[in-house]
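Participant: Sharing protein.txt, compact mmCIF, C-alpha atoms and all ligand atoms:
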```txt
# COMPACT_ATOMS: atom_id res chain seq x y z
CA MET B 127 -1.66 61.43 20.86
CA LYS B 128 -5.23 61.29 19.54
CA LEU B 129 -4.30 63.85 16.97
CA ILE B 130 -1.37 61.76 15.79
CA ILE B 131 -3.56 58.70 15.44
CA LYS B 132 -6.15 60.74 13.57
CA SER B 133 -3.62 62.12 11.13
CA LEU B 134 -2.11 58.65 10.67
CA ALA B 135 -5.55 57.32 9.83
CA LEU B 136 -6.05 60.17 7.41
CA GLY B 137 -2.68 59.39 5.83
CA LEU B 138 -3.66 55.78 5.39
CA ALA B 139 -7.00 56.76 3.88
CA ILE B 140 -5.21 58.92 1.33
CA ALA B 141 -2.73 56.14 0.61
CA GLY B 142 -5.70 53.87 -0.02
CA THR B 143 -6.90 56.12 -2.78
CA LEU B 144 -3.50 56.14 -4.47
CA SER B 145 -2.92 53.84 -7.38
CA ALA B 146 -2.34 50.17 -6.74
CA ALA B 147 1.19 50.63 -8.11
CA GLN B 148 2.14 53.00 -5.33
CA ALA B 149 0.53 50.86 -2.66
CA ALA B 150 2.22 47.69 -3.93
CA ASP B 151 5.50 46.61 -2.44
CA PHE B 152 8.12 47.96 -4.86
CA LYS B 153 11.67 48.87 -3.90
CA PRO B 154 13.67 51.53 -5.75
CA ARG B 155 15.75 49.64 -8.30
CA MET B 156 17.96 50.30 -11.29
CA VAL B 157 17.31 47.59 -13.86
CA ARG B 158 19.54 47.01 -16.89
CA PHE B 159 17.76 45.39 -19.86
CA GLY B 160 20.14 44.46 -22.68
CA TYR B 161 19.58 43.23 -26.24
CA GLY B 162 21.61 42.60 -29.36
CA LEU B 163 19.76 44.12 -32.30
CA ALA B 164 19.65 47.76 -33.39
CA GLU B 165 17.54 50.17 -31.35
CA ASP B 166 15.34 50.61 -34.40
CA SER B 167 14.26 46.97 -34.65
CA ASN B 168 11.34 44.81 -33.56
CA GLN B 169 13.51 43.70 -30.64
CA GLY B 170 14.27 47.28 -29.59
CA ARG B 171 10.62 48.32 -29.76
CA ALA B 172 9.51 45.41 -27.59
CA VAL B 173 12.28 45.98 -25.04
CA ARG B 174 11.20 49.61 -24.67
CA PHE B 175 7.57 48.50 -24.32
CA PHE B 176 8.53 46.03 -21.55
CA ALA B 177 10.64 48.64 -19.75
CA GLU B 178 7.82 51.18 -19.89
CA GLU B 179 5.31 48.66 -18.46
CA LEU B 180 7.65 47.98 -15.53
CA ASN B 181 8.35 51.64 -14.87
CA LYS B 182 4.60 52.29 -14.79
CA ALA B 183 3.74 49.25 -12.68
CA SER B 184 6.31 50.27 -10.08
CA GLY B 185 4.89 53.77 -9.82
CA GLY B 186 8.27 55.09 -10.94
CA LYS B 187 10.27 53.23 -8.29
CA TRP B 188 11.97 51.11 -10.92
CA LYS B 189 14.22 52.75 -13.43
CA VAL B 190 14.47 50.23 -16.23
CA LYS B 191 17.21 51.29 -18.66
CA THR B 192 17.47 49.66 -22.08
CA PHE B 193 20.79 48.91 -23.82
CA GLY B 194 20.61 47.95 -27.50
CA ALA B 195 23.04 46.91 -30.24
CA ALA B 196 24.89 44.53 -27.91
CA SER B 197 26.25 47.50 -25.94
CA LEU B 198 26.22 45.25 -22.84
CA GLY B 199 27.74 42.40 -24.87
CA SER B 200 26.74 39.55 -27.16
CA ASP B 201 24.00 37.09 -26.12
CA PRO B 202 26.48 34.70 -24.39
CA GLN B 203 28.22 37.59 -22.61
CA MET B 204 24.90 38.95 -21.32
CA GLN B 205 23.86 35.45 -20.17
CA ASN B 206 27.01 35.30 -18.05
CA ALA B 207 26.33 38.79 -16.68
CA LEU B 208 22.84 37.63 -15.63
CA ILE B 209 24.21 34.52 -13.96
CA GLY B 210 26.81 36.58 -12.09
CA GLY B 211 24.27 39.25 -11.13
CA ALA B 212 25.97 42.08 -13.05
CA GLN B 213 22.91 42.59 -15.30
CA GLU B 214 19.22 42.11 -14.51
CA ILE B 215 17.32 41.34 -17.75
CA MET B 216 18.13 40.45 -21.36
CA VAL B 217 16.48 39.14 -24.48
CA GLY B 218 18.28 36.98 -27.01
CA SER B 219 17.96 33.94 -29.17
CA THR B 220 17.15 30.63 -27.45
CA ALA B 221 19.79 29.17 -29.77
CA THR B 222 22.57 30.96 -27.93
CA LEU B 223 21.51 29.32 -24.63
CA VAL B 224 22.85 25.90 -25.60
CA GLY B 225 26.11 26.59 -23.76
CA ILE B 226 24.06 26.76 -20.54
CA VAL B 227 21.23 24.29 -21.17
CA SER B 228 21.96 22.22 -24.27
CA ASP B 229 18.31 21.05 -24.45
CA PHE B 230 17.47 24.45 -25.97
CA GLY B 231 18.93 23.20 -29.25
CA VAL B 232 15.62 21.39 -29.75
CA TYR B 233 14.03 24.60 -31.06
CA ASP B 234 16.76 24.84 -33.70
CA LEU B 235 16.17 21.44 -35.23
CA PRO B 236 15.44 22.17 -38.88
CA PHE B 237 11.83 22.42 -40.10
CA VAL B 238 10.34 21.60 -36.66
CA PHE B 239 7.59 24.24 -36.64
CA ASN B 240 5.27 24.68 -39.61
CA SER B 241 3.77 28.01 -38.64
CA GLU B 242 3.95 30.89 -36.18
CA LYS B 243 0.73 29.62 -34.64
CA GLU B 244 2.26 26.23 -33.87
CA ALA B 245 5.27 27.94 -32.32
CA ASP B 246 3.09 30.21 -30.15
CA THR B 247 1.07 27.26 -28.85
CA VAL B 248 4.09 25.14 -27.97
CA LEU B 249 6.19 27.99 -26.53
CA ASP B 250 3.34 29.39 -24.40
CA GLY B 251 2.24 25.92 -23.24
CA PRO B 252 3.68 23.37 -20.79
CA PHE B 253 6.57 22.41 -23.09
CA GLY B 254 7.84 25.98 -23.35
CA GLN B 255 7.49 26.45 -19.59
CA LYS B 256 9.33 23.23 -18.82
CA MET B 257 12.21 24.37 -21.01
CA MET B 258 12.34 27.76 -19.25
CA ASP B 259 12.33 26.04 -15.84
CA LYS B 260 15.59 24.30 -16.75
CA LEU B 261 17.36 27.66 -16.60
CA GLN B 262 16.65 28.15 -12.90
CA GLY B 263 19.32 25.73 -11.77
CA LYS B 264 21.83 27.64 -13.92
CA GLY B 265 21.23 31.09 -12.50
CA MET B 266 18.65 32.43 -14.94
CA VAL B 267 14.87 32.83 -14.87
CA GLY B 268 12.93 32.52 -18.12
CA LEU B 269 10.15 35.12 -18.34
CA THR B 270 8.60 34.71 -21.78
CA TYR B 271 9.22 33.88 -25.44
CA TRP B 272 9.11 36.45 -28.20
CA GLU B 273 9.22 35.90 -31.93
CA ASN B 274 12.49 36.23 -33.78
CA GLY B 275 10.92 34.34 -36.66
CA PHE B 276 11.51 31.92 -39.50
CA ARG B 277 15.10 32.14 -40.65
CA ASN B 278 16.10 32.75 -44.25
CA LEU B 279 19.38 32.64 -46.08
CA THR B 280 21.31 35.59 -47.52
CA ASN B 281 24.65 35.70 -49.30
CA SER B 282 26.75 37.82 -51.58
CA LYS B 283 27.84 35.10 -54.03
CA ARG B 284 24.87 33.73 -55.96
CA PRO B 285 21.14 33.01 -55.87
CA VAL B 286 20.47 29.79 -53.97
CA ASN B 287 17.81 27.83 -55.81
CA LYS B 288 18.91 24.38 -54.79
CA MET B 289 20.97 22.92 -51.98
CA GLU B 290 24.07 22.57 -54.15
CA ASP B 291 24.14 26.34 -54.64
CA MET B 292 25.31 26.64 -51.02
CA ALA B 293 28.50 24.71 -51.77
CA GLY B 294 31.56 26.47 -50.40
CA ILE B 295 29.67 29.56 -49.24
CA LYS B 296 31.25 30.83 -46.02
CA LEU B 297 28.16 31.13 -43.90
CA ARG B 298 28.01 32.70 -40.49
CA VAL B 299 25.88 30.68 -38.07
CA MET B 300 25.05 31.14 -34.40
CA GLN B 301 27.31 29.55 -31.79
CA ASN B 302 25.22 26.39 -31.69
CA PRO B 303 26.20 22.90 -32.93
CA VAL B 304 22.81 22.20 -34.55
CA TYR B 305 23.37 25.07 -37.02
CA ILE B 306 26.96 24.09 -37.69
CA ASP B 307 25.95 20.49 -38.44
CA MET B 308 22.91 21.48 -40.48
CA PHE B 309 24.76 23.87 -42.78
CA LYS B 310 27.76 21.62 -43.16
CA GLY B 311 25.24 19.01 -44.29
CA PHE B 312 23.94 21.45 -46.90
CA GLY B 313 27.49 21.86 -48.19
CA ALA B 314 28.14 25.37 -46.85
CA ASN B 315 31.25 26.30 -44.91
CA ALA B 316 29.60 27.08 -41.54
CA VAL B 317 31.43 29.62 -39.37
CA PRO B 318 30.11 30.22 -35.82
CA LEU B 319 30.24 33.90 -34.86
CA ALA B 320 28.50 36.24 -32.40
CA PHE B 321 25.78 38.36 -33.96
CA SER B 322 27.50 41.52 -32.75
CA GLU B 323 30.39 40.79 -35.14
CA LEU B 324 28.28 39.80 -38.10
CA PHE B 325 27.87 43.04 -40.05
CA ALA B 326 31.62 43.69 -40.07
CA ALA B 327 32.30 40.10 -41.10
CA LEU B 328 29.90 40.42 -44.05
CA GLU B 329 31.29 43.81 -45.00
CA THR B 330 34.92 42.70 -45.05
CA GLY B 331 34.07 39.44 -46.79
CA ALA B 332 35.27 37.35 -43.84
CA VAL B 333 32.00 35.51 -44.45
CA ASP B 334 29.79 35.45 -47.58
CA GLY B 335 26.42 34.93 -45.99
CA GLN B 336 24.24 34.48 -42.94
CA GLU B 337 20.73 33.41 -42.02
CA ASN B 338 18.12 35.36 -40.06
CA PRO B 339 14.47 36.45 -40.25
CA VAL B 340 13.71 39.24 -42.75
CA THR B 341 13.02 41.71 -39.93
CA THR B 342 16.63 41.36 -38.78
CA ILE B 343 18.05 41.46 -42.32
CA ASP B 344 16.24 44.80 -42.62
CA SER B 345 16.93 46.34 -39.19
CA SER B 346 20.61 45.31 -39.30
CA LYS B 347 20.96 46.73 -42.83
CA PHE B 348 22.37 43.49 -44.18
CA TYR B 349 20.98 44.54 -47.58
CA GLU B 350 23.98 46.88 -47.79
CA VAL B 351 26.35 43.92 -47.88
CA GLN B 352 24.18 41.02 -49.14
CA LYS B 353 22.67 40.64 -52.59
CA TYR B 354 20.71 37.37 -52.52
CA LEU B 355 17.90 36.32 -50.20
CA THR B 356 16.42 32.82 -50.32
CA MET B 357 13.20 32.13 -48.41
CA THR B 358 14.21 28.84 -46.84
CA ARG B 359 12.37 29.17 -43.49
CA HIS B 360 14.67 26.40 -42.25
CA VAL B 361 14.23 27.14 -38.52
CA TYR B 362 11.67 29.03 -36.45
CA SER B 363 13.79 30.97 -34.01
CA PRO B 364 12.32 32.14 -30.70
CA TRP B 365 13.70 34.93 -28.58
CA ILE B 366 13.58 34.44 -24.84
CA VAL B 367 13.44 37.15 -22.18
CA THR B 368 15.43 36.10 -19.12
CA ALA B 369 16.28 37.60 -15.74
CA SER B 370 19.20 37.11 -13.40
CA LYS B 371 18.12 34.55 -10.80
CA ARG B 372 20.29 36.21 -8.14
CA TRP B 373 18.44 39.45 -8.73
CA TYR B 374 15.02 37.84 -9.18
CA ASP B 375 15.22 35.96 -5.89
CA GLY B 376 15.56 39.27 -4.05
CA LEU B 377 12.36 40.77 -5.51
CA THR B 378 9.17 41.17 -3.48
CA ALA B 379 6.11 39.10 -4.40
CA ASP B 380 4.48 42.21 -5.91
CA GLU B 381 7.55 42.90 -8.01
CA LYS B 382 7.67 39.32 -9.30
CA ALA B 383 3.98 39.47 -10.20
CA ALA B 384 4.46 42.76 -12.06
CA LEU B 385 7.42 41.32 -13.94
CA GLN B 386 5.35 38.34 -15.05
CA LYS B 387 2.46 40.54 -16.11
CA ALA B 388 4.69 42.87 -18.09
CA ALA B 389 6.38 39.86 -19.71
CA ILE B 390 3.08 38.57 -21.07
CA ALA B 391 2.02 42.02 -22.27
CA SER B 392 5.38 42.46 -24.01
CA ARG B 393 5.03 39.07 -25.68
CA ASP B 394 1.67 39.97 -27.19
CA PHE B 395 2.98 43.37 -28.28
CA GLU B 396 6.16 41.92 -29.76
CA ARG B 397 4.52 39.19 -31.81
CA ARG B 398 1.95 41.56 -33.27
CA ASP B 399 4.63 44.14 -34.04
CA SER B 400 7.10 41.63 -35.51
CA ARG B 401 4.53 40.07 -37.79
CA ALA B 402 3.50 43.45 -39.16
CA ALA B 403 7.16 44.46 -39.51
CA SER B 404 7.97 41.26 -41.37
CA GLU B 405 5.68 42.18 -44.26
CA LYS B 406 7.13 45.69 -44.43
CA SER B 407 10.69 44.35 -44.34
CA MET B 408 10.09 42.21 -47.44
CA GLU B 409 9.15 45.39 -49.30
CA VAL B 410 12.18 47.26 -47.96
CA LEU B 411 14.57 44.48 -48.96
CA LYS B 412 13.17 44.41 -52.50
CA GLN B 413 13.38 48.15 -52.73
CA LYS B 414 16.98 48.10 -51.50
CA GLY B 415 17.82 45.87 -54.43
CA MET B 416 18.06 42.44 -52.89
CA GLN B 417 17.28 39.64 -55.27
CA ILE B 418 14.73 37.41 -53.53
CA ASN B 419 13.73 33.88 -54.44
CA SER B 420 11.77 31.09 -52.83
CA MET B 421 12.67 27.42 -52.90
CA SER B 422 10.43 24.69 -54.25
CA ASP B 423 8.81 22.31 -51.76
CA ALA B 424 10.67 19.43 -53.40
CA GLU B 425 13.98 21.16 -52.78
CA LEU B 426 13.07 22.01 -49.18
CA ASN B 427 12.14 18.37 -48.62
CA ARG B 428 15.48 17.31 -50.02
CA MET B 429 17.19 19.72 -47.63
CA ARG B 430 15.15 18.39 -44.73
CA ALA B 431 16.22 14.83 -45.54
CA THR B 432 19.84 15.97 -45.59
CA THR B 433 19.58 17.24 -42.02
CA LYS B 434 18.84 13.78 -40.58
CA PRO B 435 22.40 13.18 -39.33
CA ALA B 436 22.38 16.58 -37.57
CA VAL B 437 19.07 15.77 -35.90
CA ASP B 438 20.24 12.27 -34.92
CA LYS B 439 23.44 13.69 -33.47
CA PHE B 440 21.47 16.12 -31.31
CA ALA B 441 19.08 13.38 -30.16
CA ALA B 442 21.99 11.10 -29.21
CA MET B 443 23.25 13.51 -26.54
CA PRO B 444 22.29 12.88 -22.88
CA GLY B 445 18.65 13.74 -22.18
CA HIS B 446 17.94 15.01 -25.68
CA ALA B 447 15.98 12.03 -26.97
CA GLU B 448 13.41 12.71 -24.26
CA VAL B 449 13.14 16.42 -25.14
CA VAL B 450 12.73 15.68 -28.85
CA LYS B 451 10.03 13.14 -28.03
CA GLU B 452 8.17 15.61 -25.84
CA LEU B 453 8.24 18.30 -28.51
CA ASP B 454 7.11 15.84 -31.19
CA ALA B 455 4.22 14.79 -28.95
CA GLU B 456 3.13 18.42 -28.48
CA LEU B 457 3.26 19.03 -32.23
CA ALA B 458 1.39 15.80 -32.98
CA LYS B 459 -1.44 17.00 -30.71
CA LEU B 460 -1.70 20.22 -32.70
CA ARG B 461 -1.64 18.47 -36.06
CA LYS B 462 -4.22 15.77 -35.54
C1 LIG W 501 21.47 35.60 -34.47
C2 LIG W 501 20.14 35.79 -33.77
C3 LIG W 501 20.16 37.24 -33.23
C4 LIG W 501 19.61 37.32 -31.84
C5 LIG W 501 19.63 38.74 -31.28
C6 LIG W 501 20.99 39.34 -31.16
O1 LIG W 501 21.50 35.38 -35.66
O2 LIG W 501 19.07 35.56 -34.61
O3 LIG W 501 19.47 38.06 -34.07
O4 LIG W 501 20.31 36.48 -31.00
O5 LIG W 501 19.01 38.69 -30.03
O6 LIG W 501 22.46 35.64 -33.76
```
Is it possible to express this structure as structure tokens?
Facilitator:
Amino acid sequence: MKLIIKSLALGLAIAGTLSAAQAADFKPRMVRFGYGLAEDSNQGRAVRFFAEELNKASGGKWKVKTFGAASLGSDPQMQNALIGGAQEIMVGSTATLVGIVSDFGVYDLPFVFNSEKEADTVLDGPFGQKMMDKLQGKGMVGLTYWENGFRNLTNSKRPVNKMEDMAGIKLRVMQNPVYIDMFKGFGANAVPLAFSELFAALETGAVDGQENPVTTIDSSKFYEVQKYLTMTRHVYSPWIVTASKRWYDGLTADEKAALQKAAIASRDFERRDSRAASEKSMEVLKQKGMQINSMSDAELNRMRATTKPAVDKFAAMPGHAEVVKELDAELAKLRK
């Protein structure tokens, strides 16, 4: 008996010297982490970083598998898989969440953020957290925001130097009413479509154009099917990493803490990586033969004025006026 106790004590002493990861309360789990962009993209790199952090933190007990290029489905399909518990983690555009929590459309209001720094401060602060908390009642848990980036316009028809140049262009937009209203206001023919169908739609000419940050235009090889790029920066688009609430609720406290820690580390990695990639992508797009132009401030101001009905329409929906006011207040604090 004494011997058993002695060897138990010895066992515990050895366990004590093992890494914190092995001592922490992790259960063996298979975790599916899905995303929509190409594997070779800023999104893919950050997903792999996140997965690696979790695998390490769990001492190998978690097997986090990554699934790129919408192989688990488009953003809305993955959201439903999270809610139903058929998938554990995803990252996608906040804009595609409006079918679940319509308040998320606030981030898509045109020309809201002036800089990446403003976006970081608001998203990582109480406003961003409050928005994430709204997902809990719908079966999802918001973990962190990553940068997708300022969105710019591409098309295969003509250079867009002024708003009128968008007239009649069949433009793919995300499945989100703010984008549909905004681009209709600009005179384009806005067509909502899942990102996973976008390349084919551009290639076949089903649509003439689209809008996304330069990193995505590069990683999705849109330069193969788009000639003109206009630096409109009309919306700052965040990505959001979310988990299935059903799954999350079954995690141990140690697992939840590790998930949170890895989320923050991935955020810092992703933003640094995306910002560096953005500069490189501009060079790639030029080199691939895209014709790139900027828009004058006067023209951008004219566009902004044109979006007023779209903004008013969003604000008139239940609860939205309050959300817009809260975001404006956060931004006012930063700008004074
Ligand atoms: C879009 C978005 C996408 C993201 C990505 C699939 O245009 O910007 O790039 O939702 O996660 O649909």
Participant: As a PyMOL selection string, please: every protein or nucleic acid residue near ligand LIG 501 (chain W) (cut-off 6 Å, counting only C-alpha atoms and all ligand atoms).
Facilitator: chain B and resi 161-163+218-219+300+321+338
Participant: Emit the selected residues as a short mmCIF file (atom, residue, chain, number, x, y, z; two decimals), keeping the file's coordinate frame, including C-alpha atoms.
Facilitator:
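Okay, again_10.cif is ready:
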```cif
data_model
loop_
_atom_site.label_atom_id
_atom_site.label_comp_id
_atom_site.auth_asym_id
_atom_site.auth_seq_id
_atom_site.Cartn_x
_atom_site.Cartn_y
_atom_site.Cartn_z
CA TYR B 161 19.58 43.23 -26.24
CA GLY B 162 21.61 42.60 -29.36
CA LEU B 163 19.76 44.12 -32.30
CA GLY B 218 18.28 36.98 -27.01
CA SER B 219 17.96 33.94 -29.17
CA MET B 300 25.05 31.14 -34.40
CA PHE B 321 25.78 38.36 -33.96
CA ASN B 338 18.12 35.36 -40.06
#
```
Participant: What gap, in Å, lies between CA of Lys434 in chain B and CA of Leu319 in chain B?
Facilitator: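 Computed distance, CA of Lys434 in chain B to CA of Leu319 in chain B, equals 23.8 Å.
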Participant: Using all atoms listed in the file, find the one residue out of B:Trp365, B:Val340, B:Val351, B:Leu324 that sits nearest to Met216 in chain B.
Facilitator: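 Closest to Met216 in chain B, using all atoms listed in the file: B:Trp365.
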Participant: My list of candidates is B:Ser228, B:Asn181, B:Asn315, B:Thr222. Which is closest to Pro154 in chain B when distances are computed with all atoms listed in the file?
Facilitator: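 Ranking B:Ser228, B:Asn181, B:Asn315, B:Thr222 by distance to Pro154 in chain B, first place goes to B:Asn181.
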Participant: Might you pull out every residue within 12 Å of range 417-433 of chain B, with only C-alpha atoms counted and same-chain residues fewer than 6 positions away left off, and present them as a ChimeraX atom specification?
Facilitator: /B:234-238,278-292,304-313,340,349,352-361,408-411,439-440
Participant: Which residue, B:Val450, B:Gly211, B:Ala177, B:Pro202, has the smallest gap to Gly376 in chain B when you use all atoms listed in the file?
Facilitator: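 Ranked by minimum distance to Gly376 in chain B, first place goes to B:Gly211.
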Participant: Identify which of the residues B:Val224, B:Ala455, B:Ala183, B:Ala403 lies closest to Pro303 in chain B, counting only C-alpha atoms when measuring atom-to-atom distances.
Facilitator: B:Val224
Participant: Need the axis-aligned box for range 395-408 of chain B with 3 Å each side, so what are the centre and edges in Å to one decimal, as lines of an AutoDock Vina configuration file?
Facilitator:
```
center_x = 6.3
center_y = 42.4
center_z = -37.9
size_x = 14.7
size_y = 12.5
size_z = 25.2
```
Participant: Using all atoms listed in the file for the distances, tell me which of B:Gln301, B:Tyr233, B:Asn168, B:Lys189 is nearest to Asp201 in chain B.
Facilitator: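 Comparing B:Gln301, B:Tyr233, B:Asn168, B:Lys189 against Asp201 in chain B, the winner is B:Gln301.
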Participant: Go through B:Trp188, B:Phe325, B:Phe253, B:Tyr362 and flag the residue nearest Asn274 in chain B, using only C-alpha atoms for the distances.
Facilitator: B:Tyr362
Participant: Have a look at CA of Val317 in chain B and CA of Ala293 in chain B and let me know their distance in Å, one decimal.
Facilitator: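 Pair CA of Val317 in chain B / CA of Ala293 in chain B returns 13.7 Å.
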Participant: So that I can check the surroundings of Ala384 in chain B, please list as an MDAnalysis selection string every protein, DNA and RNA residue that reaches within 9 Å of it, counting only C-alpha atoms and ignoring chain neighbours fewer than 4 positions away.
Facilitator: chainID B and resid 179:180 183:184 379:380 388:389
Participant: Show me the residues close to (27.5, 42.1, -41.5) - anything with an atom within 9 Å, counting only C-alpha atoms - and format the list as a PyMOL selection string.
Facilitator: chain B and resi 321-331+333+335-336+346-348+350-352
Participant: What does the distance between CA of Val227 in chain B and CA of Leu261 in chain B come to in Å, to one decimal place?
Facilitator: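 A separation of 6.9 Å between them.
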Participant: Using only C-alpha atoms, which residues sit within 9 Å of Phe175 in chain B once same-chain residues fewer than 6 positions away are excluded, as a ChimeraX atom specification?
Facilitator: /B:388,391-392,395-396
Participant: Counting all atoms listed in the file, which residues in range 296-400 of chain B sit no more than 8 Å from range 268-271 of chain B? For each one, give the nearest pair of atoms and the distance in Å, sorted by chain then residue number, as a Markdown table.
Facilitator:
```
| residue | atom | partner | partner_atom | distance |
| --- | --- | --- | --- | --- |
| B:Pro364 | CA | B:Tyr271 | CA | 6.3 |
| B:Trp365 | CA | B:Tyr271 | CA | 5.6 |
| B:Ile366 | CA | B:Tyr271 | CA | 4.4 |
| B:Val367 | CA | B:Thr270 | CA | 5.4 |
| B:Thr368 | CA | B:Gly268 | CA | 4.5 |
| B:Ala369 | CA | B:Gly268 | CA | 6.5 |
| B:Gln386 | CA | B:Leu269 | CA | 6.7 |
| B:Ala389 | CA | B:Thr270 | CA | 6.0 |
| B:Ile390 | CA | B:Thr270 | CA | 6.8 |
| B:Arg393 | CA | B:Tyr271 | CA | 6.7 |
```
